[in-house]
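Down below is the structure, laid out as structure tokens.
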Amino acid sequence: MTELCGQLTLAQDAVQAEIDRLRELGLLVPRWTAADEDYPLHPSIGFERLAAKRQQQIDELAGALRTDQQAAGQFIADYSEFLVQTSTRDVEVLRGRDRAYQRMQHFQPTKSTWTLQPAPEPPTHAPSDSPDIPLLARGVDSRAIYPESALRHPAIRAYCLYVIELGAKIRVAPSLPMRLIIFDGESAVMGIDPDDTSVGAVVHHSQAVVRLAEELFLCYWSRAVDPFEEQQRAREGGISAQESEFLRLLVQGATDEHVARKLGVSMRTVRRIAAKLNERVGASGRFELGVRAAQRGWVD
């Protein structure tokens, strides 16, 4: 008898647990007229209420997750800024062309400005209005290397002739790797993206980076030539620096598109250079041109 009573008690407890579970899920609710009595909801209504409750819980969790993600993002941004401020104090990142241009106005060199200018824009004002003029008047060592193709533009050519008369040193090279300005051997400014100046610039103050930039500039300076002496040399029977660079790229297997990009000229100009050299050496194609140019010592 005692055992039977125990089993009944266990069964009642299990039933009560299931009833409590149904109440928790909202499938068993108190009657309006008798608070101590329950009645079951229709399954469609019960499950609809249960789904709405679950959706509310999901929305609350999603909102909490978004808040946590925003807080984490802000923390990461603050930490990244902290790292930049504490470990890269020798670097200034200037996003956008306008910010880079504004920063350039704050440099006041007293000794030198060395510039690689792979894609110069034609000046829109008279050469005498150039910001370089006061520097030349103070005796600042101003050197610039332009791509050979740039001096075909009348405004750029006129500007170069004007500043040369004031003491600037201008040379040209067949191609240049990137825009670079070195102020007083202390700061080096270069583009974030060498192919797109609108992205902005980076200013390096680290002496290791500045020294490397100076070595790069001097390497190109030693190979660059005076643009007017170069024209005279070409007229006397040699090949121009542009033609020499064309041949160097040719024997390396560069495509016409790559050659045009490196020389800063159009595809039409590349084909004109090739036709001119083919005619000079009596070659009928690019391979034969490379062989005959090597025989003449025009390429290594």
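Within each chain, counting starts at residue 1; across the structure tokens, chains are named A, B, ... in the order shown, with ligands numbered 1 upward in that order.
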
Notebook entry, point to check: Which residues, written as a count of residues only, have at least one atom at most 12 Å from Phe107 in chain A, with only C-alpha atoms counted and residues fewer than 4 positions away on the same chain left out?
Noted result: 19

Note to self: What's around Ser266 in chain A at 10 Å? Count only C-alpha atoms, leave out sequence neighbours fewer than 5 positions away in its own chain, and write the answer as a PyMOL selection string.
What the structure shows: chain A and resi 149+256-257+259-261+271-272

Notebook entry, point to check: Just how far from CA of Leu263 in chain A is CA of Val281 in chain A, in Å to one decimal?
Noted result: 21.9 Å

If you run DSSP on the backbone here, which positions in range 147-191 of chain A get strand (DSSP E)? Please write them as a PDB file with N, CA and C atoms, in the first residue's frame.
```
ATOM      1  N   PRO A 147      59.188  62.684 -66.531  1.00  0.00           N
ATOM      2  CA  PRO A 147      59.240  61.730 -67.642  1.00  0.00           C
ATOM      3  C   PRO A 147      59.496  62.480 -68.942  1.00  0.00           C
ATOM      4  N   LYS A 169      67.332  72.679 -61.219  1.00  0.00           N
ATOM      5  CA  LYS A 169      67.961  71.631 -62.030  1.00  0.00           C
ATOM      6  C   LYS A 169      66.873  70.664 -62.459  1.00  0.00           C
ATOM      7  N   ILE A 170      66.703  70.518 -63.758  1.00  0.00           N
ATOM      8  CA  ILE A 170      65.655  69.664 -64.319  1.00  0.00           C
ATOM      9  C   ILE A 170      66.292  68.584 -65.178  1.00  0.00           C
ATOM     10  N   ARG A 171      65.879  67.374 -64.944  1.00  0.00           N
ATOM     11  CA  ARG A 171      66.304  66.274 -65.802  1.00  0.00           C
ATOM     12  C   ARG A 171      65.085  65.442 -66.184  1.00  0.00           C
ATOM     13  N   VAL A 172      65.263  64.634 -67.217  1.00  0.00           N
ATOM     14  CA  VAL A 172      64.174  63.768 -67.667  1.00  0.00           C
ATOM     15  C   VAL A 172      64.654  62.332 -67.711  1.00  0.00           C
ATOM     16  N   ALA A 173      63.704  61.421 -67.503  1.00  0.00           N
ATOM     17  CA  ALA A 173      63.974  59.983 -67.584  1.00  0.00           C
ATOM     18  C   ALA A 173      62.842  59.342 -68.383  1.00  0.00           C
ATOM     19  N   LEU A 180      57.491  61.433 -55.630  1.00  0.00           N
ATOM     20  CA  LEU A 180      58.285  61.510 -54.408  1.00  0.00           C
ATOM     21  C   LEU A 180      58.818  62.931 -54.255  1.00  0.00           C
ATOM     22  N   ILE A 181      58.696  63.480 -53.058  1.00  0.00           N
ATOM     23  CA  ILE A 181      59.281  64.783 -52.746  1.00  0.00           C
ATOM     24  C   ILE A 181      60.053  64.651 -51.442  1.00  0.00           C
ATOM     25  N   ILE A 182      61.306  65.088 -51.450  1.00  0.00           N
ATOM     26  CA  ILE A 182      62.142  65.035 -50.254  1.00  0.00           C
ATOM     27  C   ILE A 182      62.491  66.463 -49.857  1.00  0.00           C
ATOM     28  N   PHE A 183      62.141  66.823 -48.637  1.00  0.00           N
ATOM     29  CA  PHE A 183      62.382  68.173 -48.138  1.00  0.00           C
ATOM     30  C   PHE A 183      63.564  68.169 -47.163  1.00  0.00           C
ATOM     31  N   SER A 187      62.323  64.883 -44.559  1.00  0.00           N
ATOM     32  CA  SER A 187      60.968  64.357 -44.735  1.00  0.00           C
ATOM     33  C   SER A 187      60.795  63.903 -46.184  1.00  0.00           C
ATOM     34  N   ALA A 188      60.156  62.740 -46.346  1.00  0.00           N
ATOM     35  CA  ALA A 188      59.895  62.202 -47.680  1.00  0.00           C
ATOM     36  C   ALA A 188      58.395  62.008 -47.847  1.00  0.00           C
ATOM     37  N   VAL A 189      57.850  62.590 -48.902  1.00  0.00           N
ATOM     38  CA  VAL A 189      56.415  62.500 -49.169  1.00  0.00           C
ATOM     39  C   VAL A 189      56.217  61.638 -50.412  1.00  0.00           C
ATOM     40  N   MET A 190      55.352  60.643 -50.294  1.00  0.00           N
ATOM     41  CA  MET A 190      55.049  59.778 -51.436  1.00  0.00           C
ATOM     42  C   MET A 190      53.578  59.413 -51.418  1.00  0.00           C
ATOM     43  N   GLY A 191      53.059  59.048 -52.580  1.00  0.00           N
ATOM     44  CA  GLY A 191      51.649  58.729 -52.690  1.00  0.00           C
ATOM     45  C   GLY A 191      51.295  57.426 -52.001  1.00  0.00           C
TER      46      GLY A 191
END
```

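Across the model, the gap from CA of Glu121 in chain A to CA of Arg179 in chain A is 12.3 Å.
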
Notebook entry, point to check: Just how far from CA of Gly200 in chain A is CA of Gly264 in chain A, in Å to one decimal?
Noted result: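 Taking CA of Gly264 in chain A and CA of Gly200 in chain A, their separation equals 20.7 Å.
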
Applying 9 Å and only C-alpha atoms, which residues near Leu277 in chain A remain after dropping the ones on its own chain fewer than 5 positions away? List them as a compact mmCIF listing (two decimals) with all heavy atoms, in the first residue's frame.
```
# COMPACT_ATOMS: atom_id res chain seq x y z
N ILE A 239 70.53 57.11 -79.84
CA ILE A 239 69.12 56.93 -79.54
C ILE A 239 68.81 57.69 -78.26
O ILE A 239 69.67 57.86 -77.39
CB ILE A 239 68.75 55.44 -79.38
CG1 ILE A 239 69.54 54.80 -78.23
CG2 ILE A 239 68.95 54.69 -80.66
CD1 ILE A 239 69.08 53.39 -77.92
N GLU A 243 63.89 55.99 -76.23
CA GLU A 243 64.07 54.84 -77.12
C GLU A 243 64.87 53.74 -76.44
O GLU A 243 64.59 52.54 -76.62
CB GLU A 243 64.77 55.29 -78.40
CG GLU A 243 63.90 56.20 -79.28
CD GLU A 243 64.68 56.86 -80.39
OE1 GLU A 243 65.92 57.02 -80.25
OE2 GLU A 243 64.05 57.24 -81.40
N ARG A 272 54.89 54.21 -82.87
CA ARG A 272 55.73 55.11 -83.66
C ARG A 272 57.21 54.91 -83.34
O ARG A 272 58.06 54.89 -84.24
CB ARG A 272 55.32 56.56 -83.39
CG ARG A 272 56.14 57.59 -84.19
CD ARG A 272 55.70 59.00 -83.86
NE ARG A 272 55.78 59.29 -82.44
CZ ARG A 272 56.92 59.55 -81.80
NH1 ARG A 272 58.08 59.56 -82.47
NH2 ARG A 272 56.92 59.82 -80.51
N GLY A 282 66.75 48.37 -89.95
CA GLY A 282 66.35 47.45 -91.01
C GLY A 282 65.71 46.19 -90.48
O GLY A 282 65.87 45.11 -91.07
N ALA A 283 64.98 46.29 -89.35
CA ALA A 283 64.33 45.12 -88.76
C ALA A 283 62.90 45.02 -89.28
O ALA A 283 62.27 46.03 -89.60
CB ALA A 283 64.33 45.22 -87.23
N LEU A 289 64.27 43.41 -84.08
CA LEU A 289 64.68 44.72 -83.57
C LEU A 289 65.50 44.55 -82.30
O LEU A 289 66.53 45.20 -82.14
CB LEU A 289 63.44 45.58 -83.29
CG LEU A 289 63.69 46.92 -82.58
CD1 LEU A 289 64.65 47.80 -83.38
CD2 LEU A 289 62.37 47.64 -82.32
N ALA A 293 69.36 45.70 -82.06
CA ALA A 293 69.67 46.74 -81.07
C ALA A 293 70.78 46.25 -80.14
O ALA A 293 71.68 47.02 -79.78
CB ALA A 293 68.42 47.09 -80.27
```

Counting only C-alpha atoms, what is within 12 Å of Ala137 in chain A, bar same-chain residues fewer than 6 positions away, as a PDB file with all heavy atoms, in the first residue's frame?
```pdb
ATOM      1  N   THR A 110      64.703  74.811 -46.326  1.00  0.00           N
ATOM      2  CA  THR A 110      65.767  75.818 -46.343  1.00  0.00           C
ATOM      3  C   THR A 110      67.001  75.340 -47.096  1.00  0.00           C
ATOM      4  O   THR A 110      67.861  76.149 -47.437  1.00  0.00           O
ATOM      5  CB  THR A 110      66.175  76.175 -44.903  1.00  0.00           C
ATOM      6  OG1 THR A 110      66.623  74.981 -44.234  1.00  0.00           O
ATOM      7  CG2 THR A 110      65.000  76.772 -44.144  1.00  0.00           C
ATOM      8  N   LYS A 111      67.082  74.025 -47.341  1.00  0.00           N
ATOM      9  CA  LYS A 111      68.273  73.484 -47.994  1.00  0.00           C
ATOM     10  C   LYS A 111      67.981  72.864 -49.356  1.00  0.00           C
ATOM     11  O   LYS A 111      68.649  73.186 -50.345  1.00  0.00           O
ATOM     12  CB  LYS A 111      68.929  72.441 -47.075  1.00  0.00           C
ATOM     13  CG  LYS A 111      69.464  73.016 -45.779  1.00  0.00           C
ATOM     14  CD  LYS A 111      70.121  71.950 -44.930  1.00  0.00           C
ATOM     15  CE  LYS A 111      69.124  70.921 -44.428  1.00  0.00           C
ATOM     16  NZ  LYS A 111      69.739  69.910 -43.535  1.00  0.00           N
ATOM     17  N   SER A 128      55.911  82.474 -63.247  1.00  0.00           N
ATOM     18  CA  SER A 128      56.357  83.370 -62.175  1.00  0.00           C
ATOM     19  C   SER A 128      55.482  83.267 -60.930  1.00  0.00           C
ATOM     20  O   SER A 128      55.876  83.729 -59.851  1.00  0.00           O
ATOM     21  CB  SER A 128      56.371  84.817 -62.666  1.00  0.00           C
ATOM     22  OG  SER A 128      55.082  85.187 -63.146  1.00  0.00           O
ATOM     23  N   SER A 130      54.554  80.404 -59.600  1.00  0.00           N
ATOM     24  CA  SER A 130      54.797  79.105 -58.979  1.00  0.00           C
ATOM     25  C   SER A 130      55.289  79.258 -57.540  1.00  0.00           C
ATOM     26  O   SER A 130      56.092  80.146 -57.239  1.00  0.00           O
ATOM     27  CB  SER A 130      55.843  78.328 -59.791  1.00  0.00           C
ATOM     28  OG  SER A 130      56.281  77.190 -59.070  1.00  0.00           O
ATOM     29  N   PRO A 131      54.834  78.393 -56.617  1.00  0.00           N
ATOM     30  CA  PRO A 131      55.338  78.436 -55.242  1.00  0.00           C
ATOM     31  C   PRO A 131      56.815  78.060 -55.133  1.00  0.00           C
ATOM     32  O   PRO A 131      57.425  78.248 -54.076  1.00  0.00           O
ATOM     33  CB  PRO A 131      54.449  77.424 -54.517  1.00  0.00           C
ATOM     34  CG  PRO A 131      53.935  76.515 -55.587  1.00  0.00           C
ATOM     35  CD  PRO A 131      53.797  77.371 -56.802  1.00  0.00           C
ATOM     36  N   VAL A 163      62.226  78.011 -64.686  1.00  0.00           N
ATOM     37  CA  VAL A 163      62.875  77.756 -63.387  1.00  0.00           C
ATOM     38  C   VAL A 163      64.351  77.392 -63.553  1.00  0.00           C
ATOM     39  O   VAL A 163      65.156  77.627 -62.642  1.00  0.00           O
ATOM     40  CB  VAL A 163      62.127  76.658 -62.603  1.00  0.00           C
ATOM     41  CG1 VAL A 163      60.733  77.115 -62.224  1.00  0.00           C
ATOM     42  CG2 VAL A 163      62.073  75.345 -63.380  1.00  0.00           C
ATOM     43  N   GLU A 165      66.345  78.890 -65.540  1.00  0.00           N
ATOM     44  CA  GLU A 165      66.999  80.197 -65.555  1.00  0.00           C
ATOM     45  C   GLU A 165      67.196  80.751 -64.145  1.00  0.00           C
ATOM     46  O   GLU A 165      68.118  81.525 -63.881  1.00  0.00           O
ATOM     47  CB  GLU A 165      66.179  81.189 -66.386  1.00  0.00           C
ATOM     48  CG  GLU A 165      66.176  80.906 -67.874  1.00  0.00           C
ATOM     49  CD  GLU A 165      67.569  81.085 -68.480  1.00  0.00           C
ATOM     50  OE1 GLU A 165      68.307  81.983 -68.024  1.00  0.00           O
ATOM     51  OE2 GLU A 165      67.916  80.325 -69.402  1.00  0.00           O
ATOM     52  N   LEU A 166      66.350  80.331 -63.206  1.00  0.00           N
ATOM     53  CA  LEU A 166      66.433  80.819 -61.821  1.00  0.00           C
ATOM     54  C   LEU A 166      67.282  79.915 -60.930  1.00  0.00           C
ATOM     55  O   LEU A 166      67.416  80.187 -59.741  1.00  0.00           O
ATOM     56  CB  LEU A 166      65.023  80.946 -61.224  1.00  0.00           C
ATOM     57  CG  LEU A 166      64.093  81.945 -61.912  1.00  0.00           C
ATOM     58  CD1 LEU A 166      62.721  81.917 -61.266  1.00  0.00           C
ATOM     59  CD2 LEU A 166      64.683  83.354 -61.857  1.00  0.00           C
ATOM     60  N   GLY A 167      67.827  78.838 -61.516  1.00  0.00           N
ATOM     61  CA  GLY A 167      68.724  77.992 -60.742  1.00  0.00           C
ATOM     62  C   GLY A 167      68.242  76.585 -60.480  1.00  0.00           C
ATOM     63  O   GLY A 167      68.967  75.785 -59.874  1.00  0.00           O
ATOM     64  N   ALA A 168      67.035  76.252 -60.904  1.00  0.00           N
ATOM     65  CA  ALA A 168      66.545  74.892 -60.700  1.00  0.00           C
ATOM     66  C   ALA A 168      67.284  73.924 -61.622  1.00  0.00           C
ATOM     67  O   ALA A 168      67.798  74.316 -62.674  1.00  0.00           O
ATOM     68  CB  ALA A 168      65.046  74.823 -60.962  1.00  0.00           C
TER      69      ALA A 168
END
```

Next item on the list: Mind listing the helix (DSSP H, G or I) residues of range 92-219 of chain A, per DSSP on the backbone, as a ChimeraX atom specification?
Entry: /A:97-104,127-129,132-137,148-152,154-165,207-219

Next item on the list: Determine the nearest neighbour of Arg143 in chain A from the options A:Pro174, A:Arg89, A:Asp226, A:Arg54, counting only C-alpha atoms.
Entry: A:Asp226

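You can rank A:Val270, A:Asn278, A:Leu176, A:Ala17 by their closest distance to Leu216 in chain A using only C-alpha atoms, and at the top of that list sits A:Leu176.
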
Next item on the list: Could you tell me which of A:Val291, A:Leu247, A:Ala158, A:Ala14 comes closest to Ala274 in chain A if we count only C-alpha atoms?
Entry: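 Among A:Val291, A:Leu247, A:Ala158, A:Ala14, it is A:Leu247 that comes nearest to Ala274 in chain A.
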